[in-house]
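Chemist: Just one file: work-v7.tsv, with TSV, C-alpha atoms (C1' of nucleotides).
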```
chain	number	residue	atom	x	y	z
A	83	MET	CA	84.96	113.18	47.26
A	84	GLU	CA	88.51	114.37	46.71
A	85	THR	CA	88.49	112.45	43.47
A	86	GLN	CA	85.39	114.26	42.23
A	87	VAL	CA	86.97	117.59	43.06
A	88	LEU	CA	90.21	116.73	41.28
A	89	ASP	CA	88.32	115.38	38.28
A	90	ALA	CA	86.37	118.61	37.96
A	91	ALA	CA	89.47	120.71	38.58
A	92	GLU	CA	91.48	118.86	35.96
A	93	ALA	CA	88.77	119.09	33.32
A	94	LEU	CA	88.16	122.79	33.89
A	95	PHE	CA	91.69	124.02	34.56
A	96	TYR	CA	93.11	122.14	31.61
A	97	GLU	CA	90.40	123.24	29.21
A	98	ARG	CA	90.04	126.90	30.20
A	99	GLY	CA	93.18	127.77	32.10
A	100	ILE	CA	93.59	128.53	35.78
A	101	HIS	CA	92.48	132.16	35.97
A	102	ALA	CA	89.41	131.50	33.90
A	103	VAL	CA	88.02	128.96	36.36
A	104	GLY	CA	86.60	130.09	39.69
A	105	MET	CA	86.16	128.04	42.82
A	106	ASP	CA	82.44	128.26	42.24
A	107	ASP	CA	82.87	126.59	38.86
A	108	ILE	CA	84.66	123.73	40.59
A	109	ARG	CA	81.85	123.50	43.12
A	110	ALA	CA	79.17	123.43	40.42
A	111	SER	CA	81.01	120.88	38.31
A	112	SER	CA	82.03	118.56	41.14
A	113	GLY	CA	78.87	118.82	43.20
A	114	VAL	CA	80.99	119.32	46.30
A	115	SER	CA	79.97	122.23	48.49
A	116	LEU	CA	82.28	125.19	48.89
A	117	LYS	CA	82.74	124.44	52.55
A	118	ARG	CA	83.90	120.88	51.87
A	119	LEU	CA	86.03	122.09	49.02
A	120	TYR	CA	87.97	124.37	51.34
A	121	GLN	CA	88.29	121.57	53.88
A	122	LEU	CA	89.92	119.39	51.25
A	123	PHE	CA	92.07	122.13	49.72
A	124	PRO	CA	92.65	125.21	51.86
A	125	SER	CA	93.10	127.52	48.89
A	126	LYS	CA	92.80	127.66	45.15
A	127	GLU	CA	96.55	127.41	44.88
A	128	ALA	CA	96.51	124.16	46.87
A	129	LEU	CA	93.85	122.80	44.54
A	130	VAL	CA	95.92	123.72	41.50
A	131	VAL	CA	98.93	121.96	42.99
A	132	GLY	CA	96.78	118.90	43.70
A	133	TYR	CA	95.53	118.94	40.14
A	134	LEU	CA	99.02	119.21	38.66
A	135	GLU	CA	100.49	116.55	40.94
A	136	ARG	CA	97.87	114.00	40.02
A	137	ARG	CA	98.09	114.88	36.35
A	138	ASP	CA	101.88	114.55	36.42
A	139	GLU	CA	101.68	111.01	37.81
A	140	ARG	CA	98.96	109.92	35.45
A	141	TRP	CA	100.46	111.48	32.34
A	142	ARG	CA	103.87	109.95	32.91
A	143	GLY	CA	102.28	106.68	33.93
A	144	ARG	CA	100.31	106.46	30.69
A	145	LEU	CA	103.37	107.27	28.62
A	146	ALA	CA	105.50	104.68	30.39
A	147	ALA	CA	102.75	102.07	30.13
A	148	TYR	CA	102.41	102.66	26.39
A	149	VAL	CA	106.14	102.33	25.85
A	150	ALA	CA	106.33	99.22	28.02
A	151	GLU	CA	103.46	97.49	26.25
A	152	HIS	CA	104.45	98.07	22.64
A	153	GLN	CA	107.09	96.63	20.38
A	154	GLY	CA	109.80	98.77	18.85
A	155	GLN	CA	112.42	101.32	19.69
A	156	PRO	CA	111.17	102.85	22.96
A	157	LEU	CA	112.29	106.35	22.07
A	158	LEU	CA	110.24	106.25	18.88
A	159	LEU	CA	107.22	104.79	20.64
A	160	ILE	CA	107.08	108.00	22.66
A	161	PHE	CA	106.12	109.89	19.52
A	162	ASP	CA	103.46	107.36	18.60
A	163	TRP	CA	101.93	107.91	22.00
A	164	LEU	CA	102.21	111.68	21.58
A	165	TYR	CA	100.31	111.43	18.31
A	166	GLU	CA	97.51	109.59	20.05
A	167	TRP	CA	97.43	112.23	22.75
A	168	PHE	CA	97.47	115.11	20.25
A	169	THR	CA	94.46	113.67	18.46
A	170	GLU	CA	92.33	113.43	21.58
A	171	PRO	CA	89.50	115.92	21.18
A	172	ASP	CA	90.27	117.78	24.37
A	173	PHE	CA	94.02	118.12	23.76
A	174	ARG	CA	95.13	121.65	24.65
A	175	GLY	CA	98.88	121.31	25.01
A	176	CYS	CA	100.98	120.53	28.04
A	177	ALA	CA	99.22	121.44	31.28
A	178	PHE	CA	102.56	122.24	32.86
A	179	ILE	CA	103.87	124.49	30.11
A	180	ASN	CA	100.50	126.25	30.06
A	181	SER	CA	100.57	126.72	33.82
A	182	PHE	CA	104.06	128.12	33.55
A	183	GLY	CA	102.88	130.66	30.99
A	184	GLU	CA	99.91	131.56	33.09
A	185	MET	CA	101.62	131.81	36.47
A	186	GLY	CA	104.94	133.26	35.45
A	187	THR	CA	106.96	132.66	38.57
A	188	SER	CA	104.32	134.18	40.83
A	189	SER	CA	103.46	130.93	42.59
A	190	GLU	CA	106.40	129.03	43.97
A	191	PRO	CA	104.50	125.77	44.74
A	192	ILE	CA	103.10	125.66	41.23
A	193	MET	CA	106.49	126.35	39.69
A	194	ARG	CA	107.95	123.53	41.73
A	195	ILE	CA	105.57	120.92	40.37
A	196	VAL	CA	106.03	122.24	36.81
A	197	ARG	CA	109.78	121.86	37.09
A	198	HIS	CA	109.37	118.50	38.77
A	199	HIS	CA	107.30	117.25	35.86
A	200	MET	CA	109.92	118.41	33.38
A	201	ALA	CA	112.79	116.90	35.34
A	202	GLU	CA	111.04	113.55	35.67
A	203	LEU	CA	110.18	113.39	31.99
A	204	ARG	CA	113.72	114.30	31.08
A	205	ALA	CA	115.15	111.62	33.37
A	206	TYR	CA	112.78	109.02	31.94
A	207	VAL	CA	113.82	109.81	28.37
A	208	ILE	CA	117.51	109.77	29.23
A	209	GLY	CA	116.99	106.42	30.90
A	210	LEU	CA	115.37	105.01	27.78
A	211	ALA	CA	118.12	106.41	25.61
A	212	GLY	CA	120.86	105.08	27.82
A	213	ASP	CA	122.78	108.19	26.90
A	214	VAL	CA	122.45	111.71	28.23
A	215	THR	CA	123.21	113.52	25.00
A	216	LEU	CA	120.75	111.57	22.91
A	217	GLY	CA	118.15	111.66	25.66
A	218	GLU	CA	118.35	115.44	25.91
A	219	GLN	CA	117.90	115.77	22.18
A	220	ILE	CA	114.81	113.55	22.20
A	221	PHE	CA	113.50	115.58	25.12
A	222	LEU	CA	113.85	118.75	23.05
A	223	LEU	CA	111.88	117.18	20.22
A	224	ILE	CA	109.14	116.06	22.60
A	225	ASP	CA	108.65	119.55	24.01
A	226	GLY	CA	108.81	121.13	20.60
A	227	ALA	CA	106.21	118.74	19.26
A	228	ILE	CA	103.83	119.34	22.15
A	229	THR	CA	104.10	123.11	21.83
A	230	ILE	CA	103.65	123.16	18.08
A	231	ALA	CA	100.84	120.64	18.07
A	232	ALA	CA	98.98	122.71	20.64
A	233	ILE	CA	99.39	126.12	19.04
A	234	THR	CA	99.04	125.18	15.40
A	235	ASN	CA	96.48	122.50	16.15
A	236	ASP	CA	98.45	120.02	14.08
A	237	PRO	CA	98.93	116.54	15.55
A	238	ALA	CA	101.26	115.65	12.69
A	239	ALA	CA	104.00	117.48	14.56
A	240	ALA	CA	104.41	114.13	16.33
A	241	HIS	CA	105.25	112.44	13.04
A	242	ARG	CA	107.81	115.04	12.09
A	243	ALA	CA	109.38	114.80	15.52
A	244	LYS	CA	109.49	111.02	15.21
A	245	THR	CA	111.30	111.27	11.88
A	246	ALA	CA	113.83	113.65	13.41
A	247	ALA	CA	114.26	111.36	16.41
A	248	ALA	CA	114.89	108.37	14.16
A	249	ALA	CA	117.60	110.32	12.36
A	250	LEU	CA	119.25	111.26	15.64
A	251	ILE	CA	119.13	107.71	16.93
A	252	GLY	CA	120.87	106.69	13.74
B	144	MET	CA	103.53	158.52	23.24
B	145	GLU	CA	102.37	155.25	21.74
B	146	THR	CA	105.97	154.07	21.92
B	147	GLN	CA	106.18	154.77	25.63
B	148	VAL	CA	102.98	152.83	26.19
B	149	LEU	CA	104.17	149.86	24.16
B	150	ASP	CA	107.55	149.92	25.87
B	151	ALA	CA	105.91	149.79	29.27
B	152	ALA	CA	103.42	147.16	28.14
B	153	GLU	CA	106.12	144.94	26.71
B	154	ALA	CA	108.32	145.15	29.78
B	155	LEU	CA	105.48	144.44	32.20
B	156	PHE	CA	103.47	141.89	30.22
B	157	TYR	CA	106.55	139.89	29.32
B	158	GLU	CA	107.96	139.91	32.82
B	159	ARG	CA	104.82	139.29	34.85
B	160	GLY	CA	102.27	137.92	32.41
B	161	ILE	CA	99.12	139.50	31.10
B	162	HIS	CA	96.69	138.95	33.97
B	163	ALA	CA	99.17	140.08	36.54
B	164	VAL	CA	99.52	143.54	34.98
B	165	GLY	CA	96.70	146.05	35.29
B	166	MET	CA	96.03	149.06	33.11
B	167	ASP	CA	97.02	151.22	36.04
B	168	ASP	CA	100.44	149.56	36.11
B	169	ILE	CA	100.86	150.50	32.46
B	170	ARG	CA	99.85	154.06	33.27
B	171	ALA	CA	102.28	154.33	36.16
B	172	SER	CA	105.16	152.81	34.21
B	173	SER	CA	104.61	154.73	30.97
B	174	GLY	CA	103.63	158.06	32.49
B	175	VAL	CA	100.71	158.23	30.07
B	176	SER	CA	97.38	159.08	31.65
B	177	LEU	CA	94.58	156.55	31.67
B	178	LYS	CA	92.48	158.75	29.41
B	179	ARG	CA	95.17	158.96	26.75
B	180	LEU	CA	95.91	155.27	27.14
B	181	TYR	CA	92.33	154.41	26.24
B	182	GLN	CA	92.46	156.83	23.31
B	183	LEU	CA	95.47	154.98	21.93
B	184	PHE	CA	94.20	151.48	22.71
B	185	PRO	CA	90.47	151.12	23.28
B	186	SER	CA	90.83	148.10	25.54
B	187	LYS	CA	93.39	146.01	27.34
B	188	GLU	CA	93.01	143.34	24.70
B	189	ALA	CA	93.90	145.85	21.98
B	190	LEU	CA	96.98	146.85	23.95
B	191	VAL	CA	98.05	143.23	24.30
B	192	VAL	CA	97.64	142.72	20.57
B	193	GLY	CA	99.69	145.85	19.94
B	194	TYR	CA	102.39	144.57	22.26
B	195	LEU	CA	102.53	141.16	20.61
B	196	GLU	CA	102.52	142.56	17.08
B	197	ARG	CA	105.44	144.84	17.75
B	198	ARG	CA	107.32	142.13	19.59
B	199	ASP	CA	106.76	139.68	16.76
B	200	GLU	CA	108.29	142.06	14.21
B	201	ARG	CA	111.22	142.97	16.41
B	202	TRP	CA	111.99	139.44	17.55
B	203	ARG	CA	111.99	138.01	14.06
B	204	GLY	CA	113.88	141.03	12.77
B	205	ARG	CA	116.63	140.56	15.33
B	206	LEU	CA	116.93	136.87	14.56
B	207	ALA	CA	117.08	137.47	10.81
B	208	ALA	CA	119.61	140.26	11.25
B	209	TYR	CA	121.85	138.03	13.36
B	210	VAL	CA	121.72	135.23	10.82
B	211	ALA	CA	122.36	137.62	7.94
B	212	GLU	CA	125.34	139.26	9.60
B	213	HIS	CA	127.23	136.18	10.73
B	214	GLN	CA	129.25	133.55	8.96
B	215	GLY	CA	128.31	129.92	9.02
B	216	GLN	CA	125.45	127.56	8.38
B	217	PRO	CA	122.37	129.80	8.83
B	218	LEU	CA	120.33	127.09	10.51
B	219	LEU	CA	122.99	126.65	13.15
B	220	LEU	CA	123.39	130.38	13.66
B	221	ILE	CA	119.80	130.42	14.85
B	222	PHE	CA	120.86	128.45	17.92
B	223	ASP	CA	123.77	130.77	18.62
B	224	TRP	CA	121.32	133.64	18.63
B	225	LEU	CA	118.95	131.70	20.86
B	226	TYR	CA	121.75	131.17	23.33
B	227	GLU	CA	122.39	134.90	23.48
B	228	TRP	CA	118.71	135.50	24.00
B	229	PHE	CA	118.42	132.84	26.71
B	230	THR	CA	121.25	134.44	28.67
B	231	GLU	CA	119.68	137.89	28.74
B	232	PRO	CA	118.77	138.61	32.35
B	233	ASP	CA	115.11	139.26	31.62
B	234	PHE	CA	114.58	136.15	29.49
B	235	ARG	CA	111.31	134.51	30.43
B	236	GLY	CA	110.55	132.28	27.50
B	237	CYS	CA	108.57	132.93	24.36
B	238	ALA	CA	106.05	135.73	24.81
B	239	PHE	CA	103.74	134.01	22.33
B	240	ILE	CA	103.82	130.57	23.90
B	241	ASN	CA	103.30	132.19	27.29
B	242	SER	CA	100.36	134.19	26.01
B	243	PHE	CA	98.88	131.05	24.55
B	244	GLY	CA	99.15	129.32	27.92
B	245	GLU	CA	97.64	132.30	29.66
B	246	MET	CA	94.79	133.04	27.27
B	247	GLY	CA	93.80	129.56	26.25
B	248	THR	CA	91.65	130.22	23.24
B	249	SER	CA	89.57	132.83	25.04
B	250	SER	CA	90.80	135.78	22.98
B	251	GLU	CA	90.58	135.30	19.26
B	252	PRO	CA	92.69	138.37	18.30
B	253	ILE	CA	95.47	137.28	20.62
B	254	MET	CA	95.39	133.73	19.32
B	255	ARG	CA	95.65	135.06	15.79
B	256	ILE	CA	98.89	136.94	16.43
B	257	VAL	CA	100.33	133.97	18.34
B	258	ARG	CA	99.65	131.68	15.42
B	259	HIS	CA	100.92	134.30	13.00
B	260	HIS	CA	104.21	134.49	14.87
B	261	MET	CA	104.60	130.73	14.76
B	262	ALA	CA	103.72	130.51	11.08
B	263	GLU	CA	106.17	133.25	10.15
B	264	LEU	CA	108.99	131.71	12.13
B	265	ARG	CA	108.28	128.32	10.61
B	266	ALA	CA	108.29	129.79	7.08
B	267	TYR	CA	111.54	131.60	7.75
B	268	VAL	CA	113.27	128.43	8.96
B	269	ILE	CA	111.96	126.39	6.05
B	270	GLY	CA	113.25	129.08	3.71
B	271	LEU	CA	116.70	128.91	5.26
B	272	ALA	CA	116.68	125.12	5.10
B	273	GLY	CA	115.56	125.06	1.49
B	274	ASP	CA	113.63	121.96	2.41
B	275	VAL	CA	110.33	121.58	4.18
B	276	THR	CA	111.15	118.40	6.07
B	277	LEU	CA	114.44	119.64	7.44
B	278	GLY	CA	112.97	123.06	8.19
B	279	GLU	CA	110.13	121.56	10.20
B	280	GLN	CA	112.58	119.51	12.23
B	281	ILE	CA	114.71	122.54	13.02
B	282	PHE	CA	111.55	124.42	13.95
B	283	LEU	CA	110.71	121.67	16.44
B	284	LEU	CA	114.14	121.97	18.01
B	285	ILE	CA	113.81	125.75	18.27
B	286	ASP	CA	110.52	125.56	20.13
B	287	GLY	CA	111.74	122.79	22.35
B	288	ALA	CA	114.85	124.73	23.26
B	289	ILE	CA	112.89	127.89	24.09
B	290	THR	CA	110.44	126.01	26.28
B	291	ILE	CA	113.07	124.05	28.13
B	292	ALA	CA	115.38	127.00	28.59
B	293	ALA	CA	112.54	129.02	30.07
B	294	ILE	CA	111.19	126.41	32.46
B	295	THR	CA	114.44	124.84	33.62
B	296	ASN	CA	116.27	128.15	33.50
B	297	ASP	CA	119.04	126.53	31.49
B	298	PRO	CA	120.39	128.45	28.48
B	299	ALA	CA	122.52	125.46	27.49
B	300	ALA	CA	119.39	123.95	25.94
B	301	ALA	CA	120.42	126.05	22.93
B	302	HIS	CA	123.72	124.16	22.68
B	303	ARG	CA	122.05	120.79	22.84
B	304	ALA	CA	119.54	121.84	20.22
B	305	LYS	CA	122.37	123.06	18.01
B	306	THR	CA	124.13	119.73	18.26
B	307	ALA	CA	120.93	117.94	17.33
B	308	ALA	CA	120.36	120.34	14.43
B	309	ALA	CA	123.86	119.73	13.12
B	310	ALA	CA	123.22	116.01	13.16
B	311	LEU	CA	119.97	116.44	11.26
B	312	ILE	CA	121.58	118.71	8.67
B	313	GLY	CA	124.17	115.99	8.17
C	89	DT	C1'	60.45	113.58	71.53
C	90	DA	C1'	63.89	117.14	72.52
C	91	DT	C1'	68.56	118.67	71.77
C	92	DC	C1'	72.61	119.06	69.55
C	93	DG	C1'	75.94	118.92	65.94
C	94	DT	C1'	76.79	118.98	61.19
C	95	DA	C1'	76.64	120.04	56.38
C	96	DG	C1'	75.08	122.39	52.50
C	97	DA	C1'	73.23	126.51	50.03
C	98	DG	C1'	74.18	130.63	49.10
C	99	DA	C1'	74.69	135.41	50.86
C	100	DA	C1'	78.25	138.42	52.20
C	101	DC	C1'	82.80	140.54	52.39
C	102	DG	C1'	86.84	142.50	50.70
C	103	DC	C1'	89.77	143.07	47.10
C	104	DT	C1'	91.27	143.67	42.32
C	105	DC	C1'	90.70	145.44	37.97
C	106	DG	C1'	88.86	147.20	33.41
C	107	DT	C1'	86.59	151.12	32.15
C	108	DT	C1'	84.32	155.62	32.63
C	109	DC	C1'	83.33	159.93	34.90
C	110	DT	C1'	84.29	164.20	37.45
C	111	DC	C1'	86.75	167.91	38.89
C	112	DT	C1'	90.23	171.04	38.56
C	113	DA	C1'	93.96	173.71	36.71
C	114	DG	C1'	96.30	175.69	33.05
C	115	DG	C1'	96.79	177.74	28.64
C	116	DC	C1'	94.79	179.78	24.45
C	117	DT	C1'	91.62	183.17	22.10
C	118	DA	C1'	88.83	187.56	21.77
D	247	DT	C1'	90.92	190.14	31.63
D	248	DA	C1'	87.08	186.85	30.79
D	249	DG	C1'	85.57	182.73	28.83
D	250	DC	C1'	86.53	178.26	26.98
D	251	DC	C1'	88.69	174.09	25.70
D	252	DT	C1'	91.81	170.48	26.94
D	253	DA	C1'	94.18	167.12	29.56
D	254	DG	C1'	95.47	164.89	33.56
D	255	DA	C1'	94.68	162.97	38.27
D	256	DG	C1'	92.26	160.16	40.48
D	257	DA	C1'	87.63	158.93	42.22
D	258	DA	C1'	83.89	156.05	41.00
D	259	DC	C1'	81.44	152.20	39.12
D	260	DG	C1'	80.44	147.55	38.18
D	261	DA	C1'	81.83	143.03	37.68
D	262	DG	C1'	84.36	138.90	39.05
D	263	DC	C1'	86.34	136.11	42.36
D	264	DG	C1'	88.70	133.98	46.55
D	265	DT	C1'	87.29	133.22	50.96
D	266	DT	C1'	84.31	133.30	55.03
D	267	DC	C1'	79.97	133.57	57.40
D	268	DT	C1'	75.06	132.71	58.33
D	269	DC	C1'	71.02	130.31	58.33
D	270	DT	C1'	68.36	126.48	57.88
D	271	DA	C1'	67.26	121.68	57.82
D	272	DC	C1'	68.20	117.16	58.75
D	273	DG	C1'	69.98	113.18	61.22
D	274	DA	C1'	71.82	111.11	65.38
D	275	DT	C1'	71.65	110.45	70.27
D	276	DA	C1'	69.68	110.09	74.88
```
Give the structure from the file, written as structure tokens.
Modeler:
Amino acid sequence: METQVLDAAEALFYERGIHAVGMDDIRASSGVSLKRLYQLFPSKEALVVGYLERRDERWRGRLAAYVAEHQGQPLLLIFDWLYEWFTEPDFRGCAFINSFGEMGTSSEPIMRIVRHHMAELRAYVIGLAGDVTLGEQIFLLIDGAITIAAITNDPAAAHRAKTAAAALIG
Amino acid sequence: METQVLDAAEALFYERGIHAVGMDDIRASSGVSLKRLYQLFPSKEALVVGYLERRDERWRGRLAAYVAEHQGQPLLLIFDWLYEWFTEPDFRGCAFINSFGEMGTSSEPIMRIVRHHMAELRAYVIGLAGDVTLGEQIFLLIDGAITIAAITNDPAAAHRAKTAAAALIG
DNA sequence: TATCGTAGAGAACGCTCGTTCTCTAGGCTA
DNA sequence: TAGCCTAGAGAACGAGCGTTCTCTACGATA
């Protein structure tokens, strides 16, 4: 029930953006009645937060799993995984950066999860690097690659970022 | 007249985002009547395009002027300028990336100017670098720094990006 | 079987907003 | 002065949407 709602919310919000999707679209896509929907999530904002929280866990989980399961320099594996993500047909950039652009700072709960996502990703990368300075630099390349891949529709940004990362790692 | 409208539009759209600003807000802030406003820009979308086009020219003009007027490695001067920009009190990230997040791909004219801005910036950086590979890498760092500075509210992202750029330049 | 509670479908409500229309006042021409 | 054009203020219109309400039908219980 809640899973169906979050699945529909994630697909629609990520593809079309938050404003462009109405609660009735979520109802139609999930098959969950409006009444139930509001029992599960008392407002659209709560649903957006639920969507972003689940996406944050899953996105970071998939990245960490990829890095853990492959051979090679972990920091460089990140960019291989990014390339795979960028080439997925429904890739539309970072859900959190997009939500930030859409919401400005008008919704405090949404801003909190966006910043949380960024902080967790940053901490993960620094942990892999074993060095704050290097980790921060890799983090910059990751965000740059995501943004450029999304806007210019060019997954190869991941390759260029990987090359730069390799140079920084030395 | 048109200038007053664009000034108001830029201030409001950049600060609050596009959806959050109504045509009546533009009227109130610019002092230009709704009738005149629609004579100058036949729709809100046309006004947004006008805002982004003017901002694109001015933003890139200011960056290029800074680089031209200062001593040092031009590629590194970019990050000094970014730091100044990030510390302006009304800094809220890249207007183009934000508009992309807000509009998805729902407005073709807006997407065109967003992509144009990115392409021009990329070409400028590659020109300064004198080398496509290096230019692309610097471009990645620029976008990463802007995104991170905006979301984490941390202008020092410019310093970290500069350090990384210096390492890449060698 | 009769009654009650529940859940879903969708109408309704209130608000916002993009866009257009109306009304009025003021200034220019004959 | 009389008539006319313009421009602005703001009302009006229509659509979209978040949220709530109503009505109906069905299933469970005694």
Chemist: Can you pull out every residue within 10 Å of DT266 (chain D), counting all atoms listed in the file, but drop anything in the same chain fewer than 3 positions away, and send it as a PyMOL selection string?
Modeler: (chain A and resi 117) or (chain C and resi 100-101)
Chemist: Which distance in Å separates CA of His241 (chain A) and CA of Leu223 (chain A), to one decimal?
Modeler: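 Atom-to-atom, CA of His241 (chain A) and CA of Leu223 (chain A) are spaced 10.9 Å apart.
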Chemist: Would you give me, as a list in words, the residues of chain D that come within 9 Å of chain B, using only C-alpha atoms (C1' of nucleotides)?
Modeler: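 The answer, sorted by residue number, is DA253, DG254 and DA255 of chain D.
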Chemist: One decimal, Å: what's the distance from CA of Tyr157 (chain B) over to CA of Arg235 (chain B), could you say?
Modeler: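 Distance between the two atoms: 7.3 Å.
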Chemist: List as a list of chain:residue names the protein and nucleic acid residues near Tyr181 (chain B), meaning an atom at most 12 Å away when all atoms listed in the file are counted, but skip any in the same chain fewer than 5 places from it.
Modeler: B:Glu145, B:Val148, B:Met166, B:Asp167, B:Ile169, B:Arg170, B:Val175, B:Ser176, B:Ser186, B:Lys187, B:Glu188, B:Ala189, B:Leu190, C:DG106, C:DT107, C:DT108
Chemist: Residues of chain B near chain A: apply a cut-off of 7 Å, count only C-alpha atoms, and supply the list as JSON, numbers by chain.
Modeler: {"B": [159, 160, 241, 242, 244, 245, 247, 258, 280, 283, 284, 286, 287, 288, 294, 295, 303, 304, 307, 310, 311]}
Chemist: Between C:DA113, C:DA118, C:DA97, C:DC92, which one has atoms that come closest to chain A, using only C-alpha atoms (C1' of nucleotides)?
Modeler: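 Ranked by minimum distance to chain A, first place goes to C:DA97.
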Chemist: Counting only C-alpha atoms (C1' of nucleotides), which residues from chain C have an atom at most 10 Å from any atom of chain A, and could you show them as a short mmCIF file (atom, residue, chain, number, x, y, z; two decimals) with C-alpha atoms (C1' of nucleotides), in the frame of the given file?
Modeler:
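The resulting selection.cif:
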```
data_model
loop_
_atom_site.label_atom_id
_atom_site.label_comp_id
_atom_site.auth_asym_id
_atom_site.auth_seq_id
_atom_site.Cartn_x
_atom_site.Cartn_y
_atom_site.Cartn_z
"C1'" DA C 95 76.64 120.04 56.38
"C1'" DG C 96 75.08 122.39 52.50
"C1'" DA C 97 73.23 126.51 50.03
"C1'" DG C 98 74.18 130.63 49.10
#
```
Chemist: Just to confirm, what's the straight-line distance from CA of Arg203 (chain B) to CA of Pro232 (chain B) in Å (one decimal)?
Modeler: 19.5 Å
Chemist: Find the residues near DA274 (chain D): any atom within 12 Å, counting all atoms listed in the file, skip ones fewer than 3 places away on the same chain, and give them as a list in words.
Modeler: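 Once the adjacent positions are removed, what remains is DT91, DC92, DG93 and DT94 of chain C.
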Chemist: Which one of C:DC111, C:DC105, C:DA99, C:DA90 sits closest to DG260 (chain D) if you count all atoms listed in the file?
Modeler: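 Closest to DG260 (chain D), using all atoms listed in the file: C:DC105.
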